[in-house]
>>> print(open('work05.txt').read())   # compact mmCIF, C-alpha atoms and all ligand atoms
# COMPACT_ATOMS: atom_id res chain seq x y z
CA PRO E 219 0.00 0.00 0.00
CA PRO E 220 1.22 3.53 -0.68
CA SER E 221 2.57 4.94 2.58
CA SER E 222 2.91 8.49 1.36
CA PRO E 223 0.24 10.63 -0.30
CA ILE E 224 2.67 11.69 -3.03
CA LEU E 225 2.88 8.10 -4.22
CA ALA E 226 -0.83 7.97 -4.96
CA SER E 227 -2.21 8.75 -8.39
CA PRO E 228 -2.81 12.45 -8.99
CA PRO E 229 -6.41 13.47 -8.20
CA ASP E 230 -7.32 14.12 -11.84
CA ALA E 231 -5.88 10.85 -13.15
CA PRO E 232 -8.30 8.18 -14.42
CA PRO E 233 -8.97 5.42 -11.87
CA GLY E 234 -6.36 2.69 -11.86
CA SER E 235 -3.68 4.77 -13.53
CA PRO E 236 -0.20 4.20 -12.14
CA PRO E 237 1.48 6.66 -9.79
CA PRO E 238 3.66 9.24 -11.51
CA ALA E 239 7.14 7.99 -12.39
CA THR E 240 8.73 10.84 -10.48
CA PRO E 241 6.93 12.13 -7.41
CA GLY E 242 7.79 15.63 -8.52
CA LEU E 243 7.17 17.62 -5.36
CA PRO E 244 9.51 20.60 -5.45
CA PHE E 245 11.64 21.67 -2.50
CA ASP E 246 10.23 25.21 -2.82
CA GLY E 247 7.28 24.52 -0.56
CA LEU E 248 9.55 23.79 2.38
CA PRO E 249 10.63 26.37 4.96
CA LEU E 250 14.17 26.58 3.55
CA SER E 251 16.12 29.74 2.87
CA PRO E 252 16.40 31.05 -0.71
CA ALA E 253 20.14 30.32 -0.56
CA MET E 254 19.50 26.69 0.34
CA LEU E 255 16.92 26.32 -2.41
CA ASP E 256 19.44 27.81 -4.81
CA THR E 257 22.05 25.26 -3.75
CA LEU E 258 19.57 22.44 -4.34
CA ARG E 259 18.94 23.75 -7.85
CA GLN E 260 22.68 23.92 -8.47
CA LEU E 261 23.02 20.31 -7.34
CA ASP E 262 20.22 19.43 -9.75
CA TYR E 263 17.92 18.29 -6.95
CA ARG E 264 14.74 19.09 -8.87
CA ALA E 265 12.21 17.24 -6.78
CA MET E 266 12.04 15.53 -3.42
CA THR E 267 12.39 11.78 -3.29
CA PRO E 268 9.47 10.04 -1.50
CA ILE E 269 11.32 9.72 1.81
CA GLN E 270 12.33 13.37 1.61
CA ALA E 271 8.78 14.47 0.83
CA ALA E 272 7.47 12.45 3.76
CA SER E 273 10.09 13.36 6.34
CA LEU E 274 11.30 16.90 5.58
CA PRO E 275 8.12 18.75 6.63
CA LEU E 276 8.07 16.86 9.94
CA ALA E 277 11.78 17.19 10.61
CA LEU E 278 11.81 20.89 9.69
CA ALA E 279 8.92 21.40 12.12
CA GLY E 280 11.13 20.02 14.86
CA HIS E 281 9.67 16.55 15.37
CA ASP E 282 11.75 13.55 16.31
CA LEU E 283 11.55 11.03 13.50
CA ILE E 284 11.87 7.33 12.77
CA ALA E 285 12.32 7.11 9.02
CA GLN E 286 12.57 3.86 7.16
CA ALA E 287 13.41 3.61 3.47
CA LYS E 288 15.65 1.48 1.33
CA THR E 289 19.22 2.34 0.38
CA GLY E 290 19.58 4.97 -2.32
CA SER E 291 16.30 6.71 -1.50
CA GLY E 292 17.87 10.01 -0.48
CA LYS E 293 17.88 9.70 3.28
CA THR E 294 20.98 11.86 3.75
CA ALA E 295 19.32 15.06 2.52
CA ALA E 296 16.25 14.17 4.59
CA PHE E 297 18.29 14.73 7.75
CA ALA E 298 21.00 17.07 6.40
CA LEU E 299 18.63 19.85 5.30
CA PRO E 300 16.89 20.14 8.71
CA LEU E 301 20.18 20.20 10.62
CA LEU E 302 21.66 22.76 8.22
CA ALA E 303 18.53 24.90 8.34
CA ARG E 304 18.86 25.15 12.11
CA LEU E 305 22.57 25.83 12.14
CA ASP E 306 23.97 29.12 13.40
CA VAL E 307 27.19 29.52 11.43
CA ARG E 308 28.40 32.40 13.64
CA LYS E 309 28.52 30.02 16.58
CA LEU E 310 31.55 27.79 16.02
CA ALA E 311 30.39 24.87 18.16
CA VAL E 312 29.11 21.39 17.36
CA GLN E 313 25.39 21.87 16.77
CA ALA E 314 24.63 18.62 14.94
CA MET E 315 26.05 15.11 15.04
CA VAL E 316 25.46 12.15 12.74
CA LEU E 317 26.35 8.63 13.86
CA CYS E 318 27.08 6.12 11.07
CA PRO E 319 28.03 2.44 11.23
CA THR E 320 31.22 2.56 9.12
CA ARG E 321 33.94 4.92 8.09
CA GLU E 322 32.93 4.63 4.42
CA LEU E 323 29.34 5.63 5.18
CA ALA E 324 30.48 8.45 7.44
CA ASP E 325 32.71 9.78 4.67
CA GLN E 326 29.84 9.62 2.16
CA VAL E 327 27.51 11.45 4.54
CA THR E 328 30.19 14.05 5.24
CA GLN E 329 30.61 14.71 1.50
CA GLU E 330 26.86 14.97 0.96
CA ILE E 331 26.39 17.38 3.88
CA ARG E 332 29.28 19.51 2.58
CA ARG E 333 27.63 19.65 -0.85
CA LEU E 334 24.29 20.67 0.65
CA ALA E 335 26.05 23.22 2.88
CA ARG E 336 27.47 25.16 -0.06
CA PHE E 337 24.88 27.92 0.39
CA GLU E 338 27.09 29.25 3.15
CA ALA E 339 30.86 29.33 2.76
CA ASN E 340 31.87 28.83 6.37
CA ILE E 341 30.05 25.73 7.55
CA LYS E 342 32.56 23.25 8.94
CA VAL E 343 31.67 19.57 8.68
CA LEU E 344 34.11 17.15 10.25
CA ALA E 345 34.36 13.37 9.90
CA LEU E 346 35.43 11.52 13.06
CA CYS E 347 36.06 7.86 12.34
CA GLY E 348 38.19 5.11 13.73
CA GLY E 349 41.10 3.70 11.76
CA THR E 350 42.72 7.14 11.47
CA PRO E 351 44.96 8.86 14.02
CA MET E 352 43.31 10.77 16.87
CA ARG E 353 45.69 13.72 16.85
CA PRO E 354 44.60 15.43 13.59
CA GLN E 355 40.96 14.94 14.59
CA ARG E 356 41.63 16.56 17.96
CA ASP E 357 43.38 19.46 16.23
CA SER E 358 40.44 19.93 13.87
CA LEU E 359 38.01 19.83 16.77
CA GLU E 360 40.08 22.45 18.56
CA HIS E 361 39.73 24.71 15.53
CA GLY E 362 36.00 24.18 15.71
CA ALA E 363 33.25 22.44 13.77
CA HIS E 364 29.53 22.98 13.30
CA VAL E 365 28.67 19.42 12.30
CA VAL E 366 30.43 16.16 13.13
CA VAL E 367 29.83 12.85 11.41
CA GLY E 368 31.38 9.70 12.78
CA THR E 369 31.34 6.18 14.00
CA PRO E 370 30.06 5.60 17.56
CA GLY E 371 33.33 4.20 18.92
CA ARG E 372 35.48 7.11 17.81
CA ILE E 373 32.91 9.71 18.85
CA MET E 374 32.82 8.07 22.28
CA ASP E 375 36.61 8.21 22.42
CA HIS E 376 36.59 11.96 21.79
CA LEU E 377 33.88 12.48 24.39
CA GLU E 378 35.85 10.57 27.02
CA ARG E 379 39.00 12.57 26.31
CA GLY E 380 37.12 15.83 26.34
CA SER E 381 38.11 16.78 22.79
CA LEU E 382 34.45 16.77 21.72
CA VAL E 383 31.93 18.89 23.60
CA LEU E 384 28.23 18.62 22.81
CA GLU E 385 26.80 21.44 24.92
CA ALA E 386 25.56 23.31 21.84
CA LEU E 387 24.16 20.24 20.09
CA ASN E 388 20.58 20.59 18.85
CA THR E 389 20.31 17.68 16.39
CA LEU E 390 21.37 14.05 16.79
CA VAL E 391 21.05 11.73 13.79
CA LEU E 392 21.31 7.94 13.94
CA ASP E 393 21.93 6.97 10.32
CA GLU E 394 21.65 3.33 9.23
CA ALA E 395 20.56 2.56 12.76
CA ASP E 396 19.79 -1.08 11.93
CA ARG E 397 23.35 -1.66 10.79
CA MET E 398 24.76 0.08 13.83
CA LEU E 399 22.79 -2.31 16.04
CA ASP E 400 23.94 -5.31 13.94
CA MET E 401 27.50 -4.19 14.47
CA GLY E 402 27.08 -4.11 18.25
CA PHE E 403 27.09 -0.33 18.72
CA HIS E 404 24.09 -0.21 21.06
CA ASP E 405 26.05 0.65 24.19
CA ASP E 406 28.24 3.18 22.40
CA ILE E 407 25.14 4.90 21.03
CA ALA E 408 23.65 4.94 24.53
CA PHE E 409 26.80 6.53 25.93
CA VAL E 410 26.94 9.17 23.20
CA ALA E 411 23.24 9.99 23.59
CA SER E 412 23.74 10.37 27.35
CA ARG E 413 26.26 13.13 26.60
CA CYS E 414 23.87 15.04 24.33
CA PRO E 415 21.61 17.76 25.70
CA SER E 416 18.18 16.29 26.40
CA GLU E 417 16.62 19.29 24.67
CA ARG E 418 17.39 18.26 21.09
CA GLN E 419 15.90 16.78 17.97
CA THR E 420 16.72 13.14 17.31
CA LEU E 421 16.31 11.69 13.82
CA LEU E 422 16.64 7.94 13.30
CA PHE E 423 17.10 6.57 9.78
CA SER E 424 17.09 2.91 8.93
CA ALA E 425 16.64 0.64 5.92
CA THR E 426 14.81 -1.99 7.99
CA TYR E 427 12.70 -1.93 11.14
CA PRO E 428 13.69 -4.80 13.40
CA GLU E 429 12.59 -4.98 17.06
CA GLY E 430 15.87 -3.44 18.23
CA ILE E 431 15.10 -0.22 16.37
CA ALA E 432 11.80 0.22 18.19
CA ARG E 433 13.59 -0.25 21.52
CA LEU E 434 16.34 2.18 20.55
CA ALA E 435 13.77 4.76 19.48
CA ALA E 436 11.76 4.32 22.66
CA ARG E 437 14.88 5.07 24.64
CA PHE E 438 16.38 8.00 22.76
CA LEU E 439 13.58 9.68 20.81
CA ARG E 440 10.79 11.86 22.11
CA GLU E 441 7.29 11.35 20.72
CA PRO E 442 8.72 10.38 17.35
CA GLN E 443 6.75 10.58 14.13
CA GLU E 444 7.12 7.45 12.02
CA VAL E 445 7.69 7.58 8.29
CA LYS E 446 7.91 4.26 6.51
CA LEU E 447 8.17 3.83 2.77
CA LEU E 448 7.66 0.34 1.53
CA GLU E 449 9.63 -0.87 -1.44
CA GLN E 450 8.34 0.77 -4.62
CA HIS E 451 8.84 -0.77 -8.04
P1 LIG U 501 20.35 6.67 1.14
O1 LIG U 501 21.03 7.26 2.33
O2 LIG U 501 18.87 6.57 1.31
O3 LIG U 501 20.95 5.38 0.74
P2 LIG U 501 21.54 8.90 -0.27
O4 LIG U 501 21.16 10.00 0.64
O5 LIG U 501 22.94 8.43 -0.20
O6 LIG U 501 20.55 7.65 -0.11
O7 LIG U 501 21.18 9.39 -1.77
C1 LIG U 501 21.46 8.59 -2.89
C2 LIG U 501 21.88 9.50 -4.04
O8 LIG U 501 20.78 10.27 -4.51
C3 LIG U 501 22.97 10.48 -3.71
O9 LIG U 501 23.91 10.50 -4.76
C4 LIG U 501 22.26 11.82 -3.60
O10 LIG U 501 23.10 12.89 -3.94
C5 LIG U 501 21.12 11.65 -4.59
N1 LIG U 501 19.91 12.40 -4.23
C6 LIG U 501 19.30 12.44 -3.04
N2 LIG U 501 18.18 13.17 -3.07
C7 LIG U 501 18.07 13.65 -4.32
C8 LIG U 501 17.10 14.49 -4.99
N3 LIG U 501 16.05 14.97 -4.35
N4 LIG U 501 17.32 14.75 -6.31
C9 LIG U 501 18.37 14.25 -6.96
N5 LIG U 501 19.32 13.46 -6.38
C10 LIG U 501 19.17 13.16 -5.09
MG MG U 502 22.35 6.63 3.74
>>> encode(input="work05.txt", output="structure tokens")
Amino acid sequence: PPSSPILASPPDAPPGSPPPATPGLPFDGLPLSPAMLDTLRQLDYRAMTPIQAASLPLALAGHDLIAQAKTGSGKTAAFALPLLARLDVRKLAVQAMVLCPTRELADQVTQEIRRLARFEANIKVLALCGGTPMRPQRDSLEHGAHVVVGTPGRIMDHLERGSLVLEALNTLVLDEADRMLDMGFHDDIAFVASRCPSERQTLLFSATYPEGIARLAARFLREPQEVKLLEQH
């Protein structure tokens, strides 16, 4: 069954006609700045993907979110745009953090957030992953960052050493949460979340919805809205 209104046939279509090939909802209707909308046009993001159309209005309104959609559906922008929209670039402090299961995924998310952040020259997005030396990461953190993206273990390491401070954090994202649980990161996530201000938005993204995700959400999200897109062919 269609889980998002934009996947239904348009109202004036004859009964039984298939849903439109491209959902086609523009980003313009969202509460995003003209500069951000301009960046999206430059990146050739013409229309929202279904998961973006379903989650962006809720996330931009400040709701916590459990969003489930398959790989390649555009989940990164669904959390990156809300966290960037809320960011105060004049305040050089970590205001948003994204946890990812692997270094490769964290690097991809970092690149995508940097692309989407082009509307403003001075937004600093830092990747903090294991498998690379601590020292350069600590130096970068000392110089300041607005957004950090990393793996739970390394983020925890920085928190324990005091090189990462989350006092100014307003958005926590758990990306590929199902894979993070599979990889045994539950306790690390719990530790990291315990160091985040309780007054924050938490966005959980996952390709699947196993029992562990519901438990994780119950523990770290506040009255979350659920957005699930079933496989579309
Ligand atoms: P997921 O995290 O769901 O696997 P990604 O966020 O990595 O998916 O997005 C997959 C690809 O689609 C990326 O290359 C991204 O730049 C592109 N993309 C995302 N949203 C849009 C959009 N609205 N229009 C065009 N390309 C998009
Ligand atoms: Mg992703």
>>> residues_near_ligand(input="work05.txt", ligand="ligand MG 502 (chain U)", cutoff="10 Å", atoms="only C-alpha atoms and all ligand atoms", output="PDB file with C-alpha atoms, keeping the file's coordinate frame")
ATOM      1  CA  ALA E 287      13.410   3.610   3.470  1.00  0.00           C
ATOM      2  CA  LYS E 288      15.650   1.480   1.330  1.00  0.00           C
ATOM      3  CA  THR E 289      19.220   2.340   0.380  1.00  0.00           C
ATOM      4  CA  GLY E 290      19.580   4.970  -2.320  1.00  0.00           C
ATOM      5  CA  SER E 291      16.300   6.710  -1.500  1.00  0.00           C
ATOM      6  CA  GLY E 292      17.870  10.010  -0.480  1.00  0.00           C
ATOM      7  CA  LYS E 293      17.880   9.700   3.280  1.00  0.00           C
ATOM      8  CA  THR E 294      20.980  11.860   3.750  1.00  0.00           C
ATOM      9  CA  ALA E 295      19.320  15.060   2.520  1.00  0.00           C
ATOM     10  CA  ALA E 296      16.250  14.170   4.590  1.00  0.00           C
ATOM     11  CA  PHE E 297      18.290  14.730   7.750  1.00  0.00           C
ATOM     12  CA  CYS E 318      27.080   6.120  11.070  1.00  0.00           C
ATOM     13  CA  LEU E 323      29.340   5.630   5.180  1.00  0.00           C
ATOM     14  CA  ALA E 324      30.480   8.450   7.440  1.00  0.00           C
ATOM     15  CA  GLN E 326      29.840   9.620   2.160  1.00  0.00           C
ATOM     16  CA  VAL E 327      27.510  11.450   4.540  1.00  0.00           C
ATOM     17  CA  GLU E 330      26.860  14.970   0.960  1.00  0.00           C
ATOM     18  CA  ASP E 393      21.930   6.970  10.320  1.00  0.00           C
ATOM     19  CA  GLU E 394      21.650   3.330   9.230  1.00  0.00           C
ATOM     20  CA  PHE E 423      17.100   6.570   9.780  1.00  0.00           C
ATOM     21  CA  SER E 424      17.090   2.910   8.930  1.00  0.00           C
ATOM     22  CA  ALA E 425      16.640   0.640   5.920  1.00  0.00           C
TER      23      ALA E 425
END
>>> axis_aligned_box(input="work05.txt", around="ligand LIG 501 (chain U)", padding_each_side="8 Å", output="JSON")
{"center_x": 20.0, "center_y": 10.2, "center_z": -2.3, "size_x": 23.9, "size_y": 25.6, "size_z": 25.3}
>>> residues_around(input="work05.txt", residues="Pro442 of chain E", least_positions_apart="6", cutoff="7 Å", atoms="all atoms listed in the file", output="list in words")
His281, Asp282, Leu283 and Ile284 of chain E
>>> write_last_selection(input="work05.txt", atoms="C-alpha atoms", output="compact mmCIF listing (two decimals), in the coordinates of the input")
# COMPACT_ATOMS: atom_id res chain seq x y z
CA HIS E 281 9.67 16.55 15.37
CA ASP E 282 11.75 13.55 16.31
CA LEU E 283 11.55 11.03 13.50
CA ILE E 284 11.87 7.33 12.77
>>> residues_around(input="work05.txt", residues="Ala345 of chain E", least_positions_apart="5", cutoff="12 Å", atoms="only C-alpha atoms", output="VMD selection string")
chain E and resid 315 to 318 320 to 332 350 352 354 to 356 358 to 359 363 to 370 372 to 373
>>> closest_residue(input="work05.txt", among="E:Val343, E:Leu384, E:Ala395, E:Ala432", to="ligand LIG 501 (chain U)", atoms="only C-alpha atoms and all ligand atoms")
E:Ala395
>>> residues_around(input="work05.txt", residues="Gln260 of chain E", least_positions_apart="4", cutoff="12 Å", atoms="all atoms listed in the file", output="count of residues only")
10
>>> closest_residue(input="work05.txt", among="E:Leu382, E:Ala279, E:Val410, E:Leu243", to="ligand LIG 501 (chain U)", atoms="only C-alpha atoms and all ligand atoms")
E:Leu243
